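Reviewing the structure listed below.
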Amino acid sequence: MNPFQTLRFAFGGLAANKVRSALTMLGVLIGVAAVILLLAVGNGSSQAVEESIERLGTNALTVSSGGGFGGGRSGPAAGTKPLTVADARALADPSAAPHVESVAPEVTTAQTALYEGTSHTVGQVVGTYPAYFKASNSKVAKGDYFGTDDVLASRKVAVIGSTTAADLFGTADPVGRKVVLGGTPFTVVGVLAAKGGTGFQDPDDVVVAPLPTVQNAFTGFGSLGQILVEATSADATADAQNEITTVLMGQHGIKDPAAPDFRVSSQASLLTAQASTNKTFTVLLGAVAAISLLVGGIGITNIMLVTVTERTREIGIRKAIGAPRGVILGQFLAESTLLSLIGGGLGVAAGLIGSHFTIVGIKPVVIPESVVGAFAIAVAIGLFFGGYPANRAASLRPIEALRHE
């Protein structure tokens with residue numbers, strides 16, 4: 001029997017039980033689509049975080065308290081000193097830190113903004129200095145930034161993100177209008193250009209105002225949330241990091257360089273940590289999805305075993321009139337492979353279509369290798385899991401097969 005006849009008989013065998021064949025293909029379809037989609041979600045998450053970190057600038061450094069939270073209370077753990085404005089001023093001293101370009105102390109809170117009856121809960125209200133905008137790579141689309149005079153005079157002015165502007169003002173121009181933030185009126189002087197991004201926190205849902213204004217209205221004049229530092233260049237970040245460490249150890253009276261009460265993070269270190277985490281995350285998602293393919297393969301085995309049992313007399317007749325073992329083996333292997341081939345093809349289509357939709361706030365990015373790999377594995381599963389039923393069919397003795405009821 002030539003290959004075309006084998007395929008014709010295989011298609012005939014599948015067509016004889018359309019519903020059963022369709023359900024078996026569905027198992028393979030789900031497995032292939034799951035592999036493609038879950039790996040695409042992992043890859044999309046990785047790229048989104050990378051883009052968010054890179055938007056901050058390659059020469060940006062973030063200083064945060066190393067104490068974390070402990071003892072059941074909010075604030076730095078015992079034995080650590082919080083970051084203060086005095087620390088930021090010390091870092092801005094060019095004689096102590098010549099590789100530091102600018103310093104922006106930050107306090108952060110969340111407040112409800114009101115404008116003419118429209119209410120919006122702002123994800124981040126940031127109190128800082130004008131240097132924040134350059135260090136964080138935040139560009140203004142409308143209006144302008146607030147300046148040093150606004151900080152010194154504690155003026156109630158703010159620059160808002162594009163999401164905040166859209167939710168509060170719609171299509172109207174926010175510049176020059178007053179918005180009530182947590183009960184305090186602020187005049188909008190600028191709107192930031194959209195940064196975009198995926199995930200649970202929208203980087204464009206932000207209000208940036210002078211540090212003393214936010215401290216006076218919301219957070220009080222205590223510790224800072226963090227200090228954003230801009231190095232003179234991307235190549236100078238390592239030198240700037242060392243200078244920051246030296247200055248803050250002196251500020252906090254730390255003698256042991258191995259036990260600082262603060263952390264200095266660069267974009268390079270964040271990218272490295274993120275890449276490692278996302279690689280593990282993607283592998284985990286792929287392993288979970290691979291289980292679906294395994295289940296689909298087991299389904300093929302079960303269905304083919306049922307098919308062999310139902311067609312035992314047919315096998316006996318064919319062997320009695322001279323059909324060799326290889327023909328019977330090839331026919332049932334062809335049927336199992338067709339099940340996985342068609343199911344895998346539909347799974348690829350479903351995975352590619354599904355990747356056009358946002359999933360849990362993440363835009364999936366398909367990995368071409370995952371498409372080829374998932375399809376190839378699906379076909380291999382059809383051959384592997386169809387091997388036992390096909391071998392069982394080919395091993396039947398004609399006389400026993402003809403007696404089968």
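Labels used: A, B, ... for chains in the order of the structure tokens, numbers from 1 for residues in each chain, and numbers from 1 for ligands as shown.
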
Go through stretch 58-167 of chain A residue by residue and, counting only C-alpha atoms, keep those with an atom at most 9 Å from stretch 225-230 of chain A; for each kept residue give the shortest atom pair and its distance in Å to one decimal, ordered by chain and increasing number, as a tab-separated table.
residue	atom	partner	partner_atom	distance
A:Asn59	CA	A:Glu230	CA	5.9
A:Ala60	CA	A:Glu230	CA	4.6
A:Leu61	CA	A:Val229	CA	5.0
A:Thr62	CA	A:Leu228	CA	4.8
A:Val63	CA	A:Ile227	CA	5.0
A:Ser64	CA	A:Gln226	CA	4.7
A:Ser65	CA	A:Gln226	CA	7.1
A:Pro82	CA	A:Gly225	CA	8.6
A:Leu83	CA	A:Gln226	CA	7.0
A:Thr84	CA	A:Gln226	CA	8.8
A:Val85	CA	A:Ile227	CA	8.9
A:Asp87	CA	A:Ile227	CA	8.8
A:Ala88	CA	A:Ile227	CA	6.8
A:Leu91	CA	A:Val229	CA	8.4
A:Ala92	CA	A:Val229	CA	8.9
A:His99	CA	A:Glu230	CA	8.8
A:Val100	CA	A:Glu230	CA	6.0
A:Glu101	CA	A:Glu230	CA	5.4
A:Ser102	CA	A:Glu230	CA	5.2
A:Val103	CA	A:Val229	CA	4.6
A:Ala104	CA	A:Leu228	CA	5.0
A:Pro105	CA	A:Ile227	CA	4.3
A:Glu106	CA	A:Gln226	CA	5.4
A:Val107	CA	A:Gly225	CA	4.8
A:Thr108	CA	A:Gly225	CA	6.4
A:Ala131	CA	A:Glu230	CA	8.6
A:Tyr132	CA	A:Leu228	CA	7.0
A:Lys134	CA	A:Glu230	CA	8.2
A:Ala135	CA	A:Glu230	CA	5.3
A:Ser136	CA	A:Leu228	CA	7.9

DSSP says strand (DSSP E) for which residues of stretch 139-267 of chain A? Put them as a ChimeraX atom specification?
/A:140-143,157-160,178-181,184-192,206-210,226-231,262-266

If we count only C-alpha atoms and set the cut-off at 6 Å, which residues sit around stretch 285-291 of chain A, ignoring sequence neighbours fewer than 3 positions away in its own chain? Please answer as an MDAnalysis selection string.
chainID A and resid 34:35 38:39 282 294

Contacts of A:Ser162 within 9 Å, only C-alpha atoms, excl. fewer than 2 positions in-chain, as a list in words:
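After dropping sequence-adjacent residues, the list is Ala141, Ile160, Thr164, Ala165, Ala166, Asp167, Val191, Leu192, Ala193, Ala194, Lys195, Asp204, Asp205 and Val206 of chain A.
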
Which one is closest to A:Ser119: A:Val308, A:Glu243, A:Phe169, A:Ile298? Count only C-alpha atoms.
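Smallest distance to A:Ser119 is found for A:Phe169.
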
Distance table requested - stretch 12-31 of chain A against stretch 372-378 of chain A, cut-off 9 Å, only C-alpha atoms: one row per qualifying residue with the closest atom pair and its distance in Å to one decimal, ordered by chain and rising residue number, as a tab-separated table.
residue	atom	partner	partner_atom	distance
A:Val28	CA	A:Ala378	CA	6.9
A:Leu29	CA	A:Ala378	CA	8.9
A:Gly31	CA	A:Ala378	CA	8.3

Which residue of A:Leu396, A:Ala97, A:Met249, A:Val283 approaches A:Thr309 most closely, using only C-alpha atoms:
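With only C-alpha atoms as the atom set, the closest residue is A:Leu396.
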
Extract, using only C-alpha atoms, all DNA, RNA and protein residues at most 12 Å from A:Gly299, discarding same-chain residues fewer than 5 positions from it, and format them as a PyMOL selection string.
chain A and resi 20-29+31+292-294+304-306+336+339-340+381-382+385-386+389

For atom CA of A:Ile317 and atom CA of A:Ala15, the interatomic separation in Å (one decimal)
20.6 Å

With only C-alpha atoms as the counted atoms, please give the residues lying no more than 7 Å from stretch 43-45 of chain A, apart from itself and same-chain residues fewer than 6 positions off, as a count of residues only.
5
